[in-house]
Each structure stands twice: as structure tokens, then as C-alpha cells.
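Below is the file work37.txt, which contains compact mmCIF, C-alpha atoms.
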```txt
# COMPACT_ATOMS: atom_id res chain seq x y z
CA MET A 274 25.28 -44.43 -167.76
CA LYS A 275 22.92 -44.15 -170.69
CA LYS A 276 22.74 -47.94 -171.06
CA LYS A 277 21.92 -48.26 -167.36
CA SER A 278 19.09 -45.72 -167.69
CA ILE A 279 17.67 -47.56 -170.70
CA LEU A 280 17.85 -50.87 -168.84
CA THR A 281 16.10 -49.36 -165.80
CA ALA A 282 13.37 -47.89 -167.99
CA PHE A 283 12.88 -51.26 -169.70
CA ILE A 284 12.62 -53.05 -166.34
CA TYR A 285 9.99 -50.61 -165.07
CA LEU A 286 8.08 -50.88 -168.35
CA PHE A 287 8.13 -54.67 -168.11
CA LEU A 288 7.01 -54.64 -164.47
CA GLY A 289 4.27 -52.12 -165.26
CA PHE A 290 2.98 -54.35 -168.06
CA TRP A 291 2.80 -57.40 -165.80
CA ALA A 292 1.14 -55.32 -163.07
CA LEU A 293 -1.63 -54.48 -165.54
CA VAL A 294 -1.94 -58.15 -166.51
CA VAL A 295 -2.27 -59.19 -162.85
CA LEU A 296 -4.67 -56.40 -161.86
CA PHE A 297 -6.92 -56.56 -164.92
CA PRO A 298 -9.10 -59.47 -163.63
CA PHE A 299 -9.80 -57.48 -160.45
CA TYR A 300 -10.71 -54.42 -162.51
CA TRP A 301 -13.01 -56.51 -164.70
CA MET A 302 -14.65 -58.06 -161.64
CA ALA A 303 -15.32 -54.65 -160.05
CA LEU A 304 -16.50 -53.16 -163.36
CA THR A 305 -18.94 -56.02 -164.02
CA SER A 306 -20.34 -55.71 -160.50
CA VAL A 307 -21.58 -52.16 -161.19
CA LYS A 308 -22.96 -52.79 -164.68
CA ASP A 309 -26.71 -52.87 -165.19
CA TYR A 310 -27.98 -56.39 -165.84
CA GLY A 311 -29.68 -55.43 -169.10
CA ALA A 312 -26.72 -53.40 -170.32
CA TYR A 313 -24.33 -56.26 -169.56
CA ASN A 314 -26.39 -58.79 -171.53
CA ALA A 315 -26.73 -56.32 -174.43
CA GLU A 316 -22.95 -56.12 -174.88
CA TYR A 317 -21.97 -58.09 -177.94
CA ILE A 318 -18.47 -56.70 -177.55
CA PRO A 319 -17.22 -56.39 -173.93
CA GLN A 320 -17.01 -52.78 -172.80
CA PHE A 321 -14.10 -51.71 -170.59
CA PHE A 322 -16.09 -48.96 -168.85
CA THR A 323 -19.66 -48.03 -168.01
CA LEU A 324 -21.38 -44.64 -168.01
CA SER A 325 -24.27 -45.77 -165.79
CA PRO A 326 -22.91 -47.68 -162.78
CA THR A 327 -25.41 -49.21 -160.36
CA LEU A 328 -25.27 -50.74 -156.87
CA GLN A 329 -28.38 -52.85 -157.40
CA ASN A 330 -26.22 -55.89 -158.04
CA TYR A 331 -24.89 -55.73 -154.49
CA ALA A 332 -28.42 -55.67 -153.10
CA ASP A 333 -29.30 -58.67 -155.28
CA ALA A 334 -26.23 -60.56 -154.00
CA PHE A 335 -27.51 -60.31 -150.41
CA THR A 336 -31.18 -60.99 -151.14
CA THR A 337 -30.88 -63.92 -153.52
CA VAL A 338 -28.90 -66.00 -151.02
CA PRO A 339 -28.21 -65.37 -147.29
CA LEU A 340 -24.77 -63.98 -148.04
CA GLY A 341 -24.64 -62.16 -144.70
CA ARG A 342 -25.00 -65.44 -142.79
CA TYR A 343 -22.34 -67.07 -144.96
CA LEU A 344 -19.99 -64.20 -144.17
CA LEU A 345 -20.66 -64.63 -140.44
CA ASN A 346 -20.02 -68.38 -140.65
CA THR A 347 -16.79 -67.73 -142.50
CA LEU A 348 -15.72 -65.20 -139.88
CA VAL A 349 -16.36 -67.70 -137.05
CA PHE A 350 -14.51 -70.45 -138.93
CA THR A 351 -11.57 -68.19 -139.78
CA LEU A 352 -11.09 -66.68 -136.32
CA GLY A 353 -11.59 -69.99 -134.49
CA THR A 354 -9.20 -71.90 -136.74
CA THR A 355 -6.53 -69.20 -136.66
CA ALA A 356 -6.63 -68.81 -132.86
CA LEU A 357 -6.36 -72.54 -132.18
CA MET A 358 -3.63 -72.97 -134.79
CA LEU A 359 -1.50 -70.21 -133.26
CA VAL A 360 -1.57 -71.99 -129.88
CA VAL A 361 -0.70 -75.38 -131.41
CA ILE A 362 2.12 -74.25 -133.68
CA THR A 363 3.65 -71.97 -131.03
CA LEU A 364 3.95 -74.78 -128.51
CA ALA A 365 5.21 -77.24 -131.14
CA ALA A 366 7.79 -74.80 -132.53
CA PHE A 367 9.02 -74.00 -129.02
CA ALA A 368 9.46 -77.69 -128.23
CA PHE A 369 11.44 -78.36 -131.42
CA ALA A 370 13.55 -75.21 -131.08
CA ARG A 371 14.33 -75.03 -127.36
CA LEU A 372 13.52 -78.19 -125.42
CA GLN A 373 15.99 -81.05 -125.26
CA PHE A 374 14.59 -84.57 -125.57
CA ALA A 375 15.71 -87.84 -127.10
CA GLY A 376 15.15 -88.08 -130.85
CA ARG A 377 14.15 -84.44 -131.25
CA ASP A 378 15.98 -83.86 -134.55
CA ILE A 379 14.83 -87.18 -136.01
CA ALA A 380 11.25 -86.44 -134.98
CA PHE A 381 11.44 -83.00 -136.57
CA THR A 382 12.83 -84.46 -139.81
CA LEU A 383 10.01 -86.99 -139.95
CA PHE A 384 7.57 -84.20 -139.15
CA LEU A 385 8.83 -82.17 -142.11
CA ALA A 386 8.44 -85.25 -144.32
CA LEU A 387 4.67 -84.89 -143.84
CA MET A 388 4.86 -81.95 -146.26
CA MET A 389 5.52 -84.47 -149.03
CA ILE A 390 2.10 -86.10 -148.59
CA PRO A 391 -0.39 -84.88 -151.25
CA ASN A 392 -3.23 -82.76 -149.89
CA GLU A 393 -5.77 -85.00 -151.58
CA LEU A 394 -4.79 -87.92 -149.35
CA VAL A 395 -5.06 -85.75 -146.25
CA VAL A 396 -8.52 -84.56 -147.27
CA ILE A 397 -9.73 -88.14 -147.70
CA THR A 398 -8.36 -89.14 -144.29
CA ASN A 399 -9.83 -86.09 -142.57
CA PHE A 400 -13.21 -86.62 -144.22
CA THR A 401 -13.36 -90.23 -143.02
CA THR A 402 -12.31 -89.26 -139.50
CA ILE A 403 -14.76 -86.37 -139.16
CA THR A 404 -17.60 -88.47 -140.59
CA ASN A 405 -16.90 -91.34 -138.19
CA LEU A 406 -16.92 -88.87 -135.29
CA GLU A 407 -20.30 -87.56 -136.51
CA LEU A 408 -18.97 -84.00 -136.75
CA ARG A 409 -20.22 -83.19 -140.23
CA ASN A 410 -22.23 -79.95 -140.46
CA THR A 411 -20.60 -78.55 -137.31
CA PHE A 412 -18.05 -75.81 -136.75
CA THR A 413 -15.94 -78.35 -134.85
CA GLY A 414 -15.73 -80.54 -137.93
CA LEU A 415 -14.84 -77.53 -140.06
CA ILE A 416 -12.13 -76.27 -137.73
CA LEU A 417 -10.35 -79.35 -136.33
CA PRO A 418 -8.45 -80.51 -139.48
CA SER A 419 -6.93 -77.03 -139.92
CA VAL A 420 -5.59 -76.29 -136.43
CA THR A 421 -2.01 -77.22 -137.30
CA SER A 422 0.42 -76.70 -140.16
CA VAL A 423 3.82 -78.30 -140.74
CA PHE A 424 5.04 -75.33 -142.74
CA TYR A 425 4.05 -72.74 -140.13
CA ILE A 426 5.65 -74.81 -137.36
CA TYR A 427 8.85 -74.96 -139.39
CA LEU A 428 8.75 -71.22 -140.10
CA LEU A 429 8.22 -70.34 -136.44
CA ARG A 430 10.76 -72.88 -135.22
CA GLU A 431 13.45 -71.28 -137.41
CA ASN A 432 12.68 -67.91 -135.81
CA PHE A 433 12.80 -69.35 -132.29
CA ALA A 434 16.13 -71.03 -133.07
CA ARG A 435 17.68 -67.64 -133.90
CA ILE A 436 17.18 -66.38 -130.35
CA PRO A 437 20.50 -66.75 -128.44
CA ASP A 438 20.72 -69.68 -126.04
CA GLU A 439 22.23 -67.34 -123.44
CA LEU A 440 18.85 -65.63 -122.98
CA TYR A 441 17.19 -68.97 -122.28
CA TYR A 442 19.86 -70.14 -119.85
CA ALA A 443 19.82 -66.81 -118.02
CA ALA A 444 16.05 -67.02 -117.69
CA LYS A 445 16.28 -70.55 -116.30
CA VAL A 446 18.86 -69.41 -113.73
CA ASP A 447 16.39 -66.74 -112.60
CA GLY A 448 13.76 -69.42 -112.15
CA THR A 449 11.66 -68.50 -115.19
CA SER A 450 9.44 -71.29 -116.46
CA ASP A 451 9.51 -72.35 -120.11
CA LEU A 452 6.01 -70.98 -120.76
CA ARG A 453 6.87 -67.64 -119.16
CA PHE A 454 10.06 -67.40 -121.24
CA LEU A 455 8.05 -68.20 -124.34
CA ARG A 456 5.43 -65.57 -123.54
CA LYS A 457 7.72 -62.79 -122.32
CA VAL A 458 10.78 -63.20 -124.55
CA MET A 459 10.32 -65.40 -127.61
CA LEU A 460 6.89 -64.28 -128.77
CA PRO A 461 7.67 -60.52 -128.64
CA LEU A 462 10.95 -61.08 -130.53
CA CYS A 463 9.19 -63.12 -133.22
CA ARG A 464 6.15 -60.86 -133.55
CA PRO A 465 6.63 -60.10 -137.30
CA THR A 466 6.59 -63.81 -138.13
CA LEU A 467 3.53 -64.41 -135.94
CA VAL A 468 1.72 -61.55 -137.68
CA THR A 469 2.65 -63.03 -141.05
CA ILE A 470 1.43 -66.50 -140.09
CA THR A 471 -1.81 -65.07 -138.73
CA ILE A 472 -2.56 -63.12 -141.89
CA LEU A 473 -1.68 -66.00 -144.20
CA LYS A 474 -3.87 -68.37 -142.19
CA ILE A 475 -6.78 -65.92 -142.28
CA ILE A 476 -6.46 -65.69 -146.05
CA GLU A 477 -6.24 -69.48 -146.32
CA CYS A 478 -9.36 -70.02 -144.21
CA TRP A 479 -11.34 -67.27 -145.94
CA ASN A 480 -10.59 -68.79 -149.35
CA SER A 481 -11.13 -72.38 -148.23
CA TYR A 482 -13.36 -74.26 -150.66
CA VAL A 483 -12.72 -78.00 -150.92
CA TRP A 484 -12.99 -78.92 -147.22
CA PRO A 485 -16.11 -76.84 -146.41
CA ARG A 486 -17.73 -78.15 -149.58
CA LEU A 487 -17.09 -81.76 -148.53
CA ILE A 488 -17.99 -81.55 -144.86
CA THR A 489 -21.14 -79.37 -144.97
CA ASP A 490 -24.43 -79.86 -146.77
CA ASP A 491 -26.52 -77.87 -144.28
CA ALA A 492 -26.99 -74.24 -145.37
CA ASP A 493 -26.70 -73.12 -141.74
CA TYR A 494 -22.97 -73.95 -141.88
CA PHE A 495 -22.17 -72.83 -145.43
CA LEU A 496 -19.18 -70.56 -145.89
CA VAL A 497 -18.89 -67.87 -148.56
CA SER A 498 -17.30 -70.41 -150.91
CA ASN A 499 -20.40 -72.57 -150.61
CA GLY A 500 -22.56 -69.49 -151.06
CA ILE A 501 -21.04 -68.65 -154.43
CA GLN A 502 -21.54 -72.25 -155.53
CA GLU A 503 -25.14 -72.14 -154.33
CA ILE A 504 -25.73 -69.06 -156.46
CA ARG A 505 -24.58 -70.97 -159.53
CA GLU A 506 -26.64 -74.03 -158.68
CA ASN A 507 -29.75 -71.88 -158.32
CA GLY A 508 -29.24 -70.58 -161.83
CA PHE A 509 -28.75 -67.04 -160.52
CA GLY A 510 -25.01 -66.98 -161.21
CA ARG A 511 -25.36 -68.00 -164.85
CA ALA A 512 -28.20 -65.60 -165.62
CA ASN A 513 -27.05 -62.61 -163.58
CA ILE A 514 -23.28 -62.37 -163.82
CA PRO A 515 -23.13 -58.74 -162.54
CA ALA A 516 -24.80 -59.73 -159.25
CA MET A 517 -22.48 -62.69 -158.88
CA MET A 518 -19.46 -60.45 -159.43
CA ALA A 519 -20.86 -58.12 -156.76
CA ALA A 520 -20.88 -61.04 -154.32
CA VAL A 521 -17.28 -61.87 -155.24
CA VAL A 522 -16.25 -58.25 -154.62
CA VAL A 523 -17.86 -58.32 -151.17
CA ILE A 524 -16.06 -61.55 -150.33
CA SER A 525 -12.68 -60.40 -151.66
CA LEU A 526 -12.67 -56.89 -150.18
CA PRO A 527 -11.79 -57.88 -146.56
CA LEU A 528 -8.73 -59.83 -147.73
CA VAL A 529 -7.53 -57.01 -149.98
CA ILE A 530 -7.81 -54.50 -147.12
CA LEU A 531 -6.07 -56.92 -144.74
CA PHE A 532 -3.15 -57.38 -147.10
CA LEU A 533 -2.78 -53.67 -147.80
CA LEU A 534 -2.72 -52.89 -144.08
CA PHE A 535 -0.16 -55.56 -143.16
CA ARG A 536 1.87 -56.03 -146.35
CA LYS A 537 5.09 -54.80 -144.69
CA GLN A 538 4.71 -57.22 -141.80
CA ILE A 539 4.07 -60.09 -144.23
CA MET A 540 7.23 -59.39 -146.21
CA SER A 541 9.26 -58.88 -143.03
CA GLY A 542 8.03 -62.10 -141.45
CA VAL A 543 8.72 -64.22 -144.53
CA ALA A 544 12.22 -62.72 -144.84
CA ARG A 545 12.97 -63.46 -141.15
CA GLY A 546 11.72 -67.02 -141.49
CA GLY A 547 13.91 -67.68 -144.52
CA THR A 548 17.20 -66.58 -142.97
CA LYS A 549 19.18 -67.76 -139.98
CA GLY A 550 22.23 -66.48 -138.21
```
Please, can you express the file's structure as C-alpha cells?
Amino acid sequence: MKKKSILTAFIYLFLGFWALVVLFPFYWMALTSVKDYGAYNAEYIPQFFTLSPTLQNYADAFTTVPLGRYLLNTLVFTLGTTALMLVVITLAAFAFARLQFAGRDIAFTLFLALMMIPNELVVITNFTTITNLELRNTFTGLILPSVTSVFYIYLLRENFARIPDELYYAAKVDGTSDLRFLRKVMLPLCRPTLVTITILKIIECWNSYVWPRLITDDADYFLVSNGIQEIRENGFGRANIPAMMAAVVVISLPLVILFLLFRKQIMSGVARGGTKG
């Protein structure tokens, strides 16, 4: 019993140590964002606290660049992409899980093989396509390449496949259409997974950097990722690190709140998607 208590204490100590390691960058980011610019530059040795916090850095973050507009653009991009993707992956997952058609399993296997293609090749192809369609510097060009996901279709399809066939056959006997069965039965039963997919997609879109950077060079369509880069290119980020950290805090805060509010649903949805039977 004593050995078990010692082992438990060691495990908690180890986990606590790694929690500090993981959380320290966030603490340092928040601390730097409230440090006075002059005090920060006067630190020859980094200080792990400040006695005179200031919010001026947050005001500078919004006045030096149009950070508010970048946040609005990111919100439009995130919500539009997520909504369209949910429609696409739901219909695709339903077709692979419930509908019977020739070559369904082979098609799904080939579909999963797309996950083996490096993202860099996909980005090049998407960039060429969007450029040829003259959709650069538009929300359509930003959104279209991200409205589907092989992994999310697979995750949702596995959840749909767990629903007993008897429910589907009974609904068909009653004259229920496939779309009505999907909307009334399958989606409510798979709600935790849908919530998980929605949150993960929101986080993915909010943190998107490479694609928005490639497809937009008009400031009217910049996302927050472009905004941070613009700060650095203007010389503001290098000279005024506290203000830049304030901008990063503003950008990161919505995602942190979102995860804290829905962390249980995320864990539940991932667990449901990884088991069958």
C-alpha cells in the first residue's frame, strides 16, 4: 500500500511538472503583454513578474494595425468554412455509412488514401486552381479549399455506422426519407462527435496561416495570422514586443475560452469516434 501511494505521488508530481512546462509559454505571453515597454527593454535579466502592469500594449495592438478588422475577417472565414464543411462531411459520411451502391467500400478506401498525400502538394494544387479561377483576395477563395476533410468524414462515418441498421429499416418502412432519417435520428445520436468536429474546425480555421498568407495580399482580406505578420514587417513587432504579445493574447483568448467551455464534449466525441461496437 505504501509503494502504491509513493507511485501515485510520483505520477502526480511528474504530471504537475509537465503541466508547468506546457503552461509556462502562455504565462510568459500574458506577462509580457502587461509589461511597460520601457521596463521590458530595460530588463537585462528576464523578470518573471511585474509590479506595474499596464494595458497600454493592448491599445497599441489595435491602433498600430487594424486588428479589429482582421478579427472580423477571421470570424467570417471561420464560421463560413465550418458551416459549409459540416454540410459536406455529413452528407458524405451518411452516404458511406448507410447508402448501398456499387464500389462503396473500394471508393471509401481510396478516399482514405488521400490522407497519405502531403499537405504541401494540396496547397500547391489549391493555389493554382484558385488563381486560375481569379478568386484570390476573396472570401470564396479563402473558404473553398477547406470545406471538406477526409479525417472528419471518416470520424463521422464511424459514428453513423454504429447506429443499428434496424432503426434505418424501420424508418424506411414508415416512409421516412434518407434526409429526414439523417436529420431526425442520426445527427441527434452523433451530437457529441459533431460538436467535437465543429470545435476542432473552428480552431483549425482560426489558426490558419499558410493558406491565407498565400491567397491574400489585400489588407481588406487579411486574417489575424496575416495581421501578426504585418506587425513584424512594419518593424513594430521587433521594437515593441509587449504590444505584439498583447495582440497574440487577444487572438488566442477566444480559442482558450472555447476549449474550456467544450472540453468534455471534445473528449467524448473523440472517444466515440475511436471505438465501434
From A:Ile475, A:Phe367, A:Thr469, A:Leu415, residue lying nearest Arg453 in chain A [only C-alpha atoms]: A:Phe367
Shell around range 454-460 of chain A at 8 Å using all atoms listed in the file, local window under 6 positions removed, as a VMD selection string: chain A and resid 367 433 436 441 444 467
Which residues are close to Asn410 in chain A, i.e. within 7 Å by all atoms listed in the file, leaving aside same-chain residues fewer than 5 positions away? Reply as a CSV table (one decimal) with C-alpha atoms, keeping the file's coordinate frame.
```csv
chain,number,residue,atom,x,y,z
A,488,ILE,CA,-18.0,-81.6,-144.9
A,489,THR,CA,-21.1,-79.4,-145.0
A,490,ASP,CA,-24.4,-79.9,-146.8
A,491,ASP,CA,-26.5,-77.9,-144.3
A,494,TYR,CA,-23.0,-74.0,-141.9
```
Radius query 12 Å about (-17.8, -56.0, -163.5), atoms used: only C-alpha atoms, as a PyMOL selection string: chain A and resi 297-310+312-313+319-323+326-328+330-331+513-522
Closest of A:Pro465, A:Gly500, A:Gly448, A:Gly376 to Leu429 in chain A - atom-to-atom distances counting all atoms listed in the file: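 Ranked by minimum distance to Leu429 in chain A, first place goes to A:Pro465.
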Selected range 275-287 of chain A, written as a PDB file, in the first residue's frame, all heavy atoms:
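To be explicit, this is the file written out as part.pdb:
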```
ATOM      1  N   LYS A 275       1.955   1.194   0.747  1.00  0.00           N
ATOM      2  CA  LYS A 275       2.865   2.328   0.815  1.00  0.00           C
ATOM      3  C   LYS A 275       3.539   2.563  -0.529  1.00  0.00           C
ATOM      4  O   LYS A 275       3.699   3.705  -0.976  1.00  0.00           O
ATOM      5  CB  LYS A 275       3.918   2.083   1.902  1.00  0.00           C
ATOM      6  CG  LYS A 275       4.828   3.277   2.126  1.00  0.00           C
ATOM      7  CD  LYS A 275       5.785   3.003   3.264  1.00  0.00           C
ATOM      8  CE  LYS A 275       6.707   4.212   3.497  1.00  0.00           C
ATOM      9  NZ  LYS A 275       7.656   3.975   4.603  1.00  0.00           N
ATOM     10  N   LYS A 276       3.931   1.474  -1.203  1.00  0.00           N
ATOM     11  CA  LYS A 276       4.557   1.603  -2.514  1.00  0.00           C
ATOM     12  C   LYS A 276       3.585   2.214  -3.522  1.00  0.00           C
ATOM     13  O   LYS A 276       3.982   3.036  -4.359  1.00  0.00           O
ATOM     14  CB  LYS A 276       5.027   0.231  -3.004  1.00  0.00           C
ATOM     15  CG  LYS A 276       6.213  -0.334  -2.234  1.00  0.00           C
ATOM     16  CD  LYS A 276       6.656  -1.655  -2.830  1.00  0.00           C
ATOM     17  CE  LYS A 276       7.869  -2.205  -2.089  1.00  0.00           C
ATOM     18  NZ  LYS A 276       8.320  -3.501  -2.660  1.00  0.00           N
ATOM     19  N   LYS A 277       2.315   1.828  -3.421  1.00  0.00           N
ATOM     20  CA  LYS A 277       1.311   2.369  -4.329  1.00  0.00           C
ATOM     21  C   LYS A 277       1.127   3.862  -4.102  1.00  0.00           C
ATOM     22  O   LYS A 277       0.991   4.638  -5.058  1.00  0.00           O
ATOM     23  CB  LYS A 277      -0.009   1.631  -4.127  1.00  0.00           C
ATOM     24  CG  LYS A 277      -1.094   2.056  -5.112  1.00  0.00           C
ATOM     25  CD  LYS A 277      -2.353   1.252  -4.899  1.00  0.00           C
ATOM     26  CE  LYS A 277      -3.431   1.689  -5.893  1.00  0.00           C
ATOM     27  NZ  LYS A 277      -4.681   0.907  -5.709  1.00  0.00           N
ATOM     28  N   SER A 278       1.143   4.293  -2.831  1.00  0.00           N
ATOM     29  CA  SER A 278       0.996   5.720  -2.520  1.00  0.00           C
ATOM     30  C   SER A 278       2.181   6.511  -3.039  1.00  0.00           C
ATOM     31  O   SER A 278       2.023   7.624  -3.575  1.00  0.00           O
ATOM     32  CB  SER A 278       0.852   5.916  -1.010  1.00  0.00           C
ATOM     33  OG  SER A 278      -0.283   5.247  -0.517  1.00  0.00           O
ATOM     34  N   ILE A 279       3.384   5.939  -2.895  1.00  0.00           N
ATOM     35  CA  ILE A 279       4.587   6.621  -3.391  1.00  0.00           C
ATOM     36  C   ILE A 279       4.541   6.743  -4.908  1.00  0.00           C
ATOM     37  O   ILE A 279       4.871   7.791  -5.475  1.00  0.00           O
ATOM     38  CB  ILE A 279       5.846   5.862  -2.939  1.00  0.00           C
ATOM     39  CG1 ILE A 279       5.980   5.931  -1.404  1.00  0.00           C
ATOM     40  CG2 ILE A 279       7.083   6.440  -3.612  1.00  0.00           C
ATOM     41  CD1 ILE A 279       7.133   5.119  -0.867  1.00  0.00           C
ATOM     42  N   LEU A 280       4.099   5.663  -5.571  1.00  0.00           N
ATOM     43  CA  LEU A 280       3.999   5.692  -7.035  1.00  0.00           C
ATOM     44  C   LEU A 280       2.973   6.723  -7.491  1.00  0.00           C
ATOM     45  O   LEU A 280       3.222   7.480  -8.447  1.00  0.00           O
ATOM     46  CB  LEU A 280       3.619   4.302  -7.548  1.00  0.00           C
ATOM     47  CG  LEU A 280       3.446   4.173  -9.073  1.00  0.00           C
ATOM     48  CD1 LEU A 280       4.748   4.517  -9.771  1.00  0.00           C
ATOM     49  CD2 LEU A 280       2.972   2.766  -9.442  1.00  0.00           C
ATOM     50  N   THR A 281       1.839   6.799  -6.810  1.00  0.00           N
ATOM     51  CA  THR A 281       0.814   7.783  -7.157  1.00  0.00           C
ATOM     52  C   THR A 281       1.333   9.204  -6.978  1.00  0.00           C
ATOM     53  O   THR A 281       1.107  10.078  -7.822  1.00  0.00           O
ATOM     54  CB  THR A 281      -0.443   7.569  -6.293  1.00  0.00           C
ATOM     55  OG1 THR A 281      -0.946   6.240  -6.488  1.00  0.00           O
ATOM     56  CG2 THR A 281      -1.529   8.571  -6.660  1.00  0.00           C
ATOM     57  N   ALA A 282       2.040   9.435  -5.865  1.00  0.00           N
ATOM     58  CA  ALA A 282       2.599  10.762  -5.612  1.00  0.00           C
ATOM     59  C   ALA A 282       3.611  11.140  -6.690  1.00  0.00           C
ATOM     60  O   ALA A 282       3.652  12.286  -7.154  1.00  0.00           O
ATOM     61  CB  ALA A 282       3.241  10.800  -4.226  1.00  0.00           C
ATOM     62  N   PHE A 283       4.425  10.163  -7.101  1.00  0.00           N
ATOM     63  CA  PHE A 283       5.423  10.419  -8.144  1.00  0.00           C
ATOM     64  C   PHE A 283       4.750  10.756  -9.471  1.00  0.00           C
ATOM     65  O   PHE A 283       5.185  11.662 -10.177  1.00  0.00           O
ATOM     66  CB  PHE A 283       6.320   9.190  -8.307  1.00  0.00           C
ATOM     67  CG  PHE A 283       7.330   9.331  -9.422  1.00  0.00           C
ATOM     68  CD1 PHE A 283       8.469  10.097  -9.263  1.00  0.00           C
ATOM     69  CD2 PHE A 283       7.103   8.705 -10.646  1.00  0.00           C
ATOM     70  CE1 PHE A 283       9.378  10.239 -10.306  1.00  0.00           C
ATOM     71  CE2 PHE A 283       8.009   8.840 -11.682  1.00  0.00           C
ATOM     72  CZ  PHE A 283       9.151   9.599 -11.500  1.00  0.00           C
ATOM     73  N   ILE A 284       3.680  10.034  -9.798  1.00  0.00           N
ATOM     74  CA  ILE A 284       2.957  10.289 -11.047  1.00  0.00           C
ATOM     75  C   ILE A 284       2.380  11.695 -11.059  1.00  0.00           C
ATOM     76  O   ILE A 284       2.503  12.441 -12.039  1.00  0.00           O
ATOM     77  CB  ILE A 284       1.852   9.235 -11.261  1.00  0.00           C
ATOM     78  CG1 ILE A 284       2.483   7.863 -11.524  1.00  0.00           C
ATOM     79  CG2 ILE A 284       0.941   9.639 -12.414  1.00  0.00           C
ATOM     80  CD1 ILE A 284       1.470   6.743 -11.619  1.00  0.00           C
ATOM     81  N   TYR A 285       1.748  12.089  -9.935  1.00  0.00           N
ATOM     82  CA  TYR A 285       1.168  13.438  -9.865  1.00  0.00           C
ATOM     83  C   TYR A 285       2.247  14.512  -9.911  1.00  0.00           C
ATOM     84  O   TYR A 285       2.056  15.577 -10.510  1.00  0.00           O
ATOM     85  CB  TYR A 285       0.330  13.586  -8.595  1.00  0.00           C
ATOM     86  CG  TYR A 285      -1.069  13.032  -8.733  1.00  0.00           C
ATOM     87  CD1 TYR A 285      -1.413  11.803  -8.193  1.00  0.00           C
ATOM     88  CD2 TYR A 285      -2.051  13.749  -9.411  1.00  0.00           C
ATOM     89  CE1 TYR A 285      -2.693  11.290  -8.331  1.00  0.00           C
ATOM     90  CE2 TYR A 285      -3.335  13.250  -9.548  1.00  0.00           C
ATOM     91  CZ  TYR A 285      -3.654  12.027  -9.008  1.00  0.00           C
ATOM     92  OH  TYR A 285      -4.923  11.519  -9.156  1.00  0.00           O
ATOM     93  N   LEU A 286       3.393  14.243  -9.282  1.00  0.00           N
ATOM     94  CA  LEU A 286       4.500  15.191  -9.327  1.00  0.00           C
ATOM     95  C   LEU A 286       5.021  15.345 -10.753  1.00  0.00           C
ATOM     96  O   LEU A 286       5.287  16.456 -11.222  1.00  0.00           O
ATOM     97  CB  LEU A 286       5.618  14.726  -8.394  1.00  0.00           C
ATOM     98  CG  LEU A 286       6.829  15.657  -8.262  1.00  0.00           C
ATOM     99  CD1 LEU A 286       6.402  16.984  -7.635  1.00  0.00           C
ATOM    100  CD2 LEU A 286       7.915  15.002  -7.405  1.00  0.00           C
ATOM    101  N   PHE A 287       5.134  14.231 -11.451  1.00  0.00           N
ATOM    102  CA  PHE A 287       5.609  14.245 -12.836  1.00  0.00           C
ATOM    103  C   PHE A 287       4.630  14.998 -13.732  1.00  0.00           C
ATOM    104  O   PHE A 287       5.028  15.843 -14.553  1.00  0.00           O
ATOM    105  CB  PHE A 287       5.788  12.811 -13.323  1.00  0.00           C
ATOM    106  CG  PHE A 287       6.248  12.698 -14.754  1.00  0.00           C
ATOM    107  CD1 PHE A 287       7.574  12.942 -15.088  1.00  0.00           C
ATOM    108  CD2 PHE A 287       5.354  12.350 -15.752  1.00  0.00           C
ATOM    109  CE1 PHE A 287       8.001  12.843 -16.404  1.00  0.00           C
ATOM    110  CE2 PHE A 287       5.772  12.250 -17.064  1.00  0.00           C
ATOM    111  CZ  PHE A 287       7.094  12.498 -17.398  1.00  0.00           C
TER     112      PHE A 287
END
```
